[in-house]
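Content type mmCIF, C-alpha atoms and all ligand atoms, from the file query_5.cif:
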data_target
#
loop_
_atom_site.label_atom_id
_atom_site.label_comp_id
_atom_site.auth_asym_id
_atom_site.auth_seq_id
_atom_site.Cartn_x
_atom_site.Cartn_y
_atom_site.Cartn_z
CA MET A 274 -8.71 14.70 21.47
CA GLY A 275 -10.48 11.48 20.40
CA GLN A 276 -9.38 9.26 17.57
CA ASP A 277 -10.06 10.34 14.02
CA VAL A 278 -12.60 7.81 12.74
CA ARG A 279 -12.97 9.11 9.17
CA PRO A 280 -11.79 6.87 6.31
CA PRO A 281 -8.01 6.86 5.77
CA GLU A 282 -8.20 8.78 2.47
CA ALA A 283 -10.15 11.61 4.10
CA ARG A 284 -7.67 11.74 6.99
CA ALA A 285 -4.67 11.79 4.68
CA ALA A 286 -6.12 14.57 2.54
CA ARG A 287 -6.50 16.96 5.46
CA PRO A 288 -3.49 19.22 6.16
CA ILE A 289 -1.44 18.45 9.25
CA SER A 290 -2.23 21.13 11.81
CA ARG A 291 0.21 23.34 13.70
CA ARG A 292 -0.88 21.59 16.87
CA GLN A 293 -0.07 18.18 15.44
CA ILE A 294 3.38 19.37 14.33
CA ASP A 295 4.04 20.83 17.79
CA ARG A 296 2.99 17.54 19.33
CA LEU A 297 5.29 15.63 16.99
CA ARG A 298 8.18 17.91 17.88
CA SER A 299 7.62 17.46 21.62
CA ALA A 300 7.39 13.67 21.26
CA ALA A 301 10.53 13.56 19.10
CA LEU A 302 12.60 15.72 21.47
CA ALA A 303 11.40 13.94 24.60
CA GLY A 304 12.05 10.54 23.03
CA ARG A 305 15.55 11.53 21.98
CA GLU A 306 16.49 11.90 25.65
CA GLN A 307 16.05 8.13 26.04
CA GLY A 308 18.56 7.21 23.35
CA TRP A 309 22.23 6.21 23.16
CA ARG A 310 24.85 7.77 20.89
CA PRO A 311 28.24 7.74 22.59
CA TYR A 312 30.08 7.20 19.28
CA SER A 313 28.75 9.79 16.86
CA LYS A 314 27.67 12.33 19.49
CA PHE A 315 24.98 13.13 16.94
CA PRO A 316 21.57 12.81 18.58
CA VAL A 317 18.64 12.56 16.16
CA ALA A 318 15.00 12.99 17.15
CA ALA A 319 12.06 11.48 15.30
CA ALA A 320 8.35 11.03 15.83
CA VAL A 321 5.58 9.40 13.85
CA LEU A 322 2.05 10.66 13.25
CA THR A 323 -0.32 7.86 12.29
CA LEU A 324 -3.36 8.12 10.06
CA LYS A 325 -5.45 7.61 13.18
CA GLY A 326 -3.93 10.81 14.59
CA LYS A 327 -1.67 9.21 17.20
CA THR A 328 1.83 10.54 17.86
CA TYR A 329 4.83 8.38 18.80
CA GLY A 330 8.34 9.43 19.71
CA GLY A 331 10.93 6.68 19.72
CA ALA A 332 14.21 6.83 21.61
CA GLY A 333 16.05 8.83 18.97
CA ASN A 334 19.02 6.97 17.55
CA VAL A 335 20.50 4.07 19.51
CA GLU A 336 24.08 3.20 18.62
CA CYS A 337 26.06 -0.01 18.90
CA ALA A 338 29.80 -0.60 19.34
CA ASN A 339 30.06 -2.35 15.98
CA TYR A 340 28.41 0.72 14.40
CA THR A 341 26.45 -1.20 11.76
CA LEU A 342 23.82 -2.36 14.25
CA THR A 343 22.91 1.22 15.13
CA LYS A 344 19.19 1.94 15.10
CA HIS A 345 18.24 5.23 13.54
CA ALA A 346 15.79 7.65 15.13
CA GLU A 347 13.21 7.03 12.40
CA GLU A 348 13.41 3.29 13.10
CA THR A 349 12.88 3.58 16.85
CA ALA A 350 9.91 5.92 16.30
CA VAL A 351 8.26 3.63 13.74
CA LEU A 352 8.86 0.65 16.05
CA ALA A 353 7.30 2.52 18.99
CA ALA A 354 4.17 2.95 16.88
CA ILE A 355 4.17 -0.72 15.87
CA ALA A 356 4.68 -1.82 19.48
CA ASP A 357 1.52 0.10 20.36
CA GLY A 358 -0.49 -1.68 17.67
CA ALA A 359 -0.35 0.87 14.85
CA LEU A 360 -0.16 -1.95 12.31
CA LEU A 361 -3.49 -3.34 13.44
CA ARG A 362 -6.90 -2.23 12.32
CA SER A 363 -9.79 -3.15 14.56
CA ASP A 364 -13.37 -1.98 14.87
CA GLY A 365 -13.65 -3.62 18.26
CA THR A 366 -16.01 -6.33 17.03
CA THR A 367 -13.82 -8.32 14.64
CA GLU A 368 -10.37 -9.86 14.92
CA PRO A 369 -7.78 -7.16 14.25
CA THR A 370 -6.47 -7.13 10.70
CA VAL A 371 -3.28 -5.63 9.39
CA ASN A 372 -3.21 -2.07 8.15
CA ARG A 373 0.25 -1.68 6.65
CA LYS A 374 0.11 1.98 5.59
CA PHE A 375 -0.26 3.62 8.98
CA ILE A 376 2.28 6.46 8.68
CA ARG A 377 0.92 9.89 7.89
CA ALA A 378 4.02 11.92 8.82
CA VAL A 379 7.48 11.51 10.31
CA TYR A 380 9.04 14.46 12.11
CA LEU A 381 12.83 14.72 12.17
CA ALA A 382 15.24 16.98 14.07
CA SER A 383 18.95 16.98 14.84
CA THR A 384 21.05 19.17 17.06
CA GLY A 385 23.39 19.98 14.16
CA LYS A 386 23.62 23.29 12.37
CA ASP A 387 22.02 21.88 9.22
CA LYS A 388 18.60 20.30 8.88
CA ILE A 389 18.69 16.53 8.84
CA THR A 390 17.13 14.57 6.03
CA PRO A 391 16.45 10.84 6.44
CA CYS A 392 19.18 8.50 5.22
CA GLY A 393 18.44 6.12 2.38
CA SER A 394 17.94 3.18 4.68
CA CYS A 395 15.35 5.07 6.76
CA ARG A 396 13.54 6.23 3.64
CA GLN A 397 13.15 2.60 2.66
CA PHE A 398 12.03 1.60 6.17
CA MET A 399 9.44 4.39 6.41
CA TRP A 400 8.23 3.47 2.91
CA GLU A 401 7.31 -0.01 4.14
CA PHE A 402 4.57 1.46 6.38
CA ALA A 403 3.78 4.83 4.80
CA HIS A 404 0.52 5.97 3.28
CA HIS A 405 1.12 7.19 -0.29
CA ALA A 406 0.52 10.79 0.86
CA ALA A 407 2.88 10.55 3.87
CA VAL A 408 5.26 13.44 4.48
CA VAL A 409 8.60 13.95 6.20
CA ILE A 410 8.70 17.10 8.31
CA MET A 411 12.27 18.31 8.88
CA GLU A 412 13.01 20.85 11.55
CA LEU A 413 15.01 23.83 10.26
CA PRO A 414 17.79 25.07 12.54
CA ALA A 415 16.66 28.68 12.04
CA GLY A 416 13.15 27.74 13.16
CA GLY A 417 10.14 26.29 11.41
CA GLU A 418 10.19 23.22 9.27
CA GLU A 419 10.34 21.92 5.73
CA THR A 420 7.75 19.35 4.69
CA VAL A 421 8.45 16.96 1.82
CA PRO A 422 6.33 14.05 0.59
CA LEU A 423 8.08 10.77 1.31
CA ALA A 424 7.23 9.75 -2.28
CA GLU A 425 9.50 12.59 -3.44
CA LEU A 426 12.35 11.21 -1.33
CA MET A 427 11.76 7.72 -2.76
CA PRO A 428 11.69 8.02 -6.55
CA LYS A 429 11.37 4.74 -8.43
CA PRO A 430 10.84 2.76 -5.21
CA PHE A 431 11.37 -0.90 -4.54
CA GLY A 432 8.78 -1.79 -1.94
CA PRO A 433 6.10 -4.18 -0.71
CA GLU A 434 4.14 -3.65 -3.94
CA THR A 435 7.08 -4.90 -5.97
CA LEU A 436 6.75 -8.20 -4.13
CA GLY A 437 2.97 -8.28 -4.41
CA ILE A 438 2.28 -7.45 -0.76
CA ASN A 439 -1.18 -6.02 -0.22
CA ASP A 440 -2.07 -3.46 2.46
CA ASP A 441 -3.47 -6.22 4.68
CA GLY A 442 -0.20 -8.13 4.59
CA SER A 443 -1.46 -10.80 2.20
CA GLN A 444 0.51 -11.56 -0.95
CA THR A 445 -0.60 -11.68 -4.54
CA PRO A 446 2.19 -13.58 -6.26
CA ASN A 447 3.62 -11.49 -9.08
CA CYS A 448 6.38 -13.72 -10.31
N1 LIG B 1 20.99 8.80 12.01
C1 LIG B 1 19.66 8.69 12.25
O1 LIG B 1 19.24 8.45 13.39
N2 LIG B 1 18.80 8.84 11.22
C2 LIG B 1 19.19 9.07 9.92
O2 LIG B 1 18.38 8.95 9.01
C3 LIG B 1 20.57 9.49 9.67
C4 LIG B 1 21.55 9.05 10.71
C5 LIG B 1 21.92 8.57 13.13
C6 LIG B 1 22.71 7.29 13.00
C7 LIG B 1 23.93 7.60 13.85
O3 LIG B 1 23.63 7.25 15.20
C8 LIG B 1 24.10 9.11 13.75
O4 LIG B 1 22.87 9.60 13.21
C9 LIG B 1 25.22 9.51 12.84
O5 LIG B 1 25.13 8.88 11.61
ZN ZN B 2 18.60 6.46 8.79
#
Conversion result in structure tokens:
Amino acid sequence: MGQDVRPPEARAARPISRRQIDRLRSAALAGREQGWRPYSKFPVAAAVLTLKGKTYGGAGNVECANYTLTKHAEETAVLAAIADGALLRSDGTTEPTVNRKFIRAVYLASTGKDKITPCGSCRQFMWEFAHHAAVVIMELPAGGEETVPLAELMPKPFGPETLGINDDGSQTPNC
């Protein structure tokens, strides 16, 4: 399927299709196989759907012996998207410009018996790059998924806007 070239608002307004969710799930589960979690033995899978309709699985969670440096599955998936240029907007004729709000959905799955919701730190990280209508899709252990707007998981946010950061990365001083 080609890239979705409609304006971002039109793309965000359209429901995420079953096919897109299935693709997210596959990317998340395949990516998780690349990760590293010898300490928690708790593998987490995540994948990002961008407003342009691209899907990225990260490496799941990647742990570190000092624990605090562990990278969460949501982080590795968002970074996979950024590494592929998801932050850039280009029409092919002009210099690429920054397009901060590239996340349309983040898919999340664990191997535990309960669904996994994103931790507070990941909510904040996803918020940095999420469109205002972005959703978190959580796999349910019994099958199917629960979809929740990220804005609902981030009430009263502190974010780029608080510091006057515009969608193109420029800053309008606000203090
Ligand atoms: N974990 C994630 O990957 N994402 C979250 O949002 C919650 C926690 C990982 C971190 C650690 O490797 C393991 O799950 C147990 O906390
Ligand atoms: Zn997290």
Ligand ZN 2 (chain B) proximity check over A:Leu361, A:Ala350, A:Lys429, A:Ala403, using only C-alpha atoms and all ligand atoms: winner is A:Ala350
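A straight line drawn from atom CA of Arg310 of chain A to atom CA of Tyr380 of chain A is 19.3 Å long.
Based on only C-alpha atoms and all ligand atoms, the protein and nucleic acid residues found within 8 Å of ligand LIG 1 (chain B) are, by chain and then by number, Arg310, Tyr312, Ser313, Lys314, Phe315, Pro316, Val317, Ala318, Gly333, Asn334, Val335, Glu336, Thr343, Lys344, His345, Ala346, Glu347, Glu348, Ile389, Thr390, Pro391, Cys392, Gly393, Ser394, Cys395 and Arg396 of chain A.
Take the candidates A:Leu297, A:Ala332, A:Met399, A:Cys448 and check each one against ligand ZN 2 (chain B) using only C-alpha atoms and all ligand atoms; the shortest distance goes to A:Met399.
Of the listed residues (A:Glu412, A:Thr341, A:Ser299, A:Lys374), A:Thr341 comes nearest to ligand ZN 2 (chain B); the distances count all atoms listed in the file.
Atom pair atom CA of Asn372 of chain A / atom CA of Ala354 of chain A has a distance of 12.5 Å (rounded to one decimal).
Atom to atom, atom CA of Ala382 of chain A and atom CA of Arg291 of chain A stand 16.3 Å apart.
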Selection: 8 Å around Met427 of chain A, all atoms listed in the file, excl. self and same-chain fewer than 4 positions, as a PyMOL selection string: chain A and resi 396-397+400+423
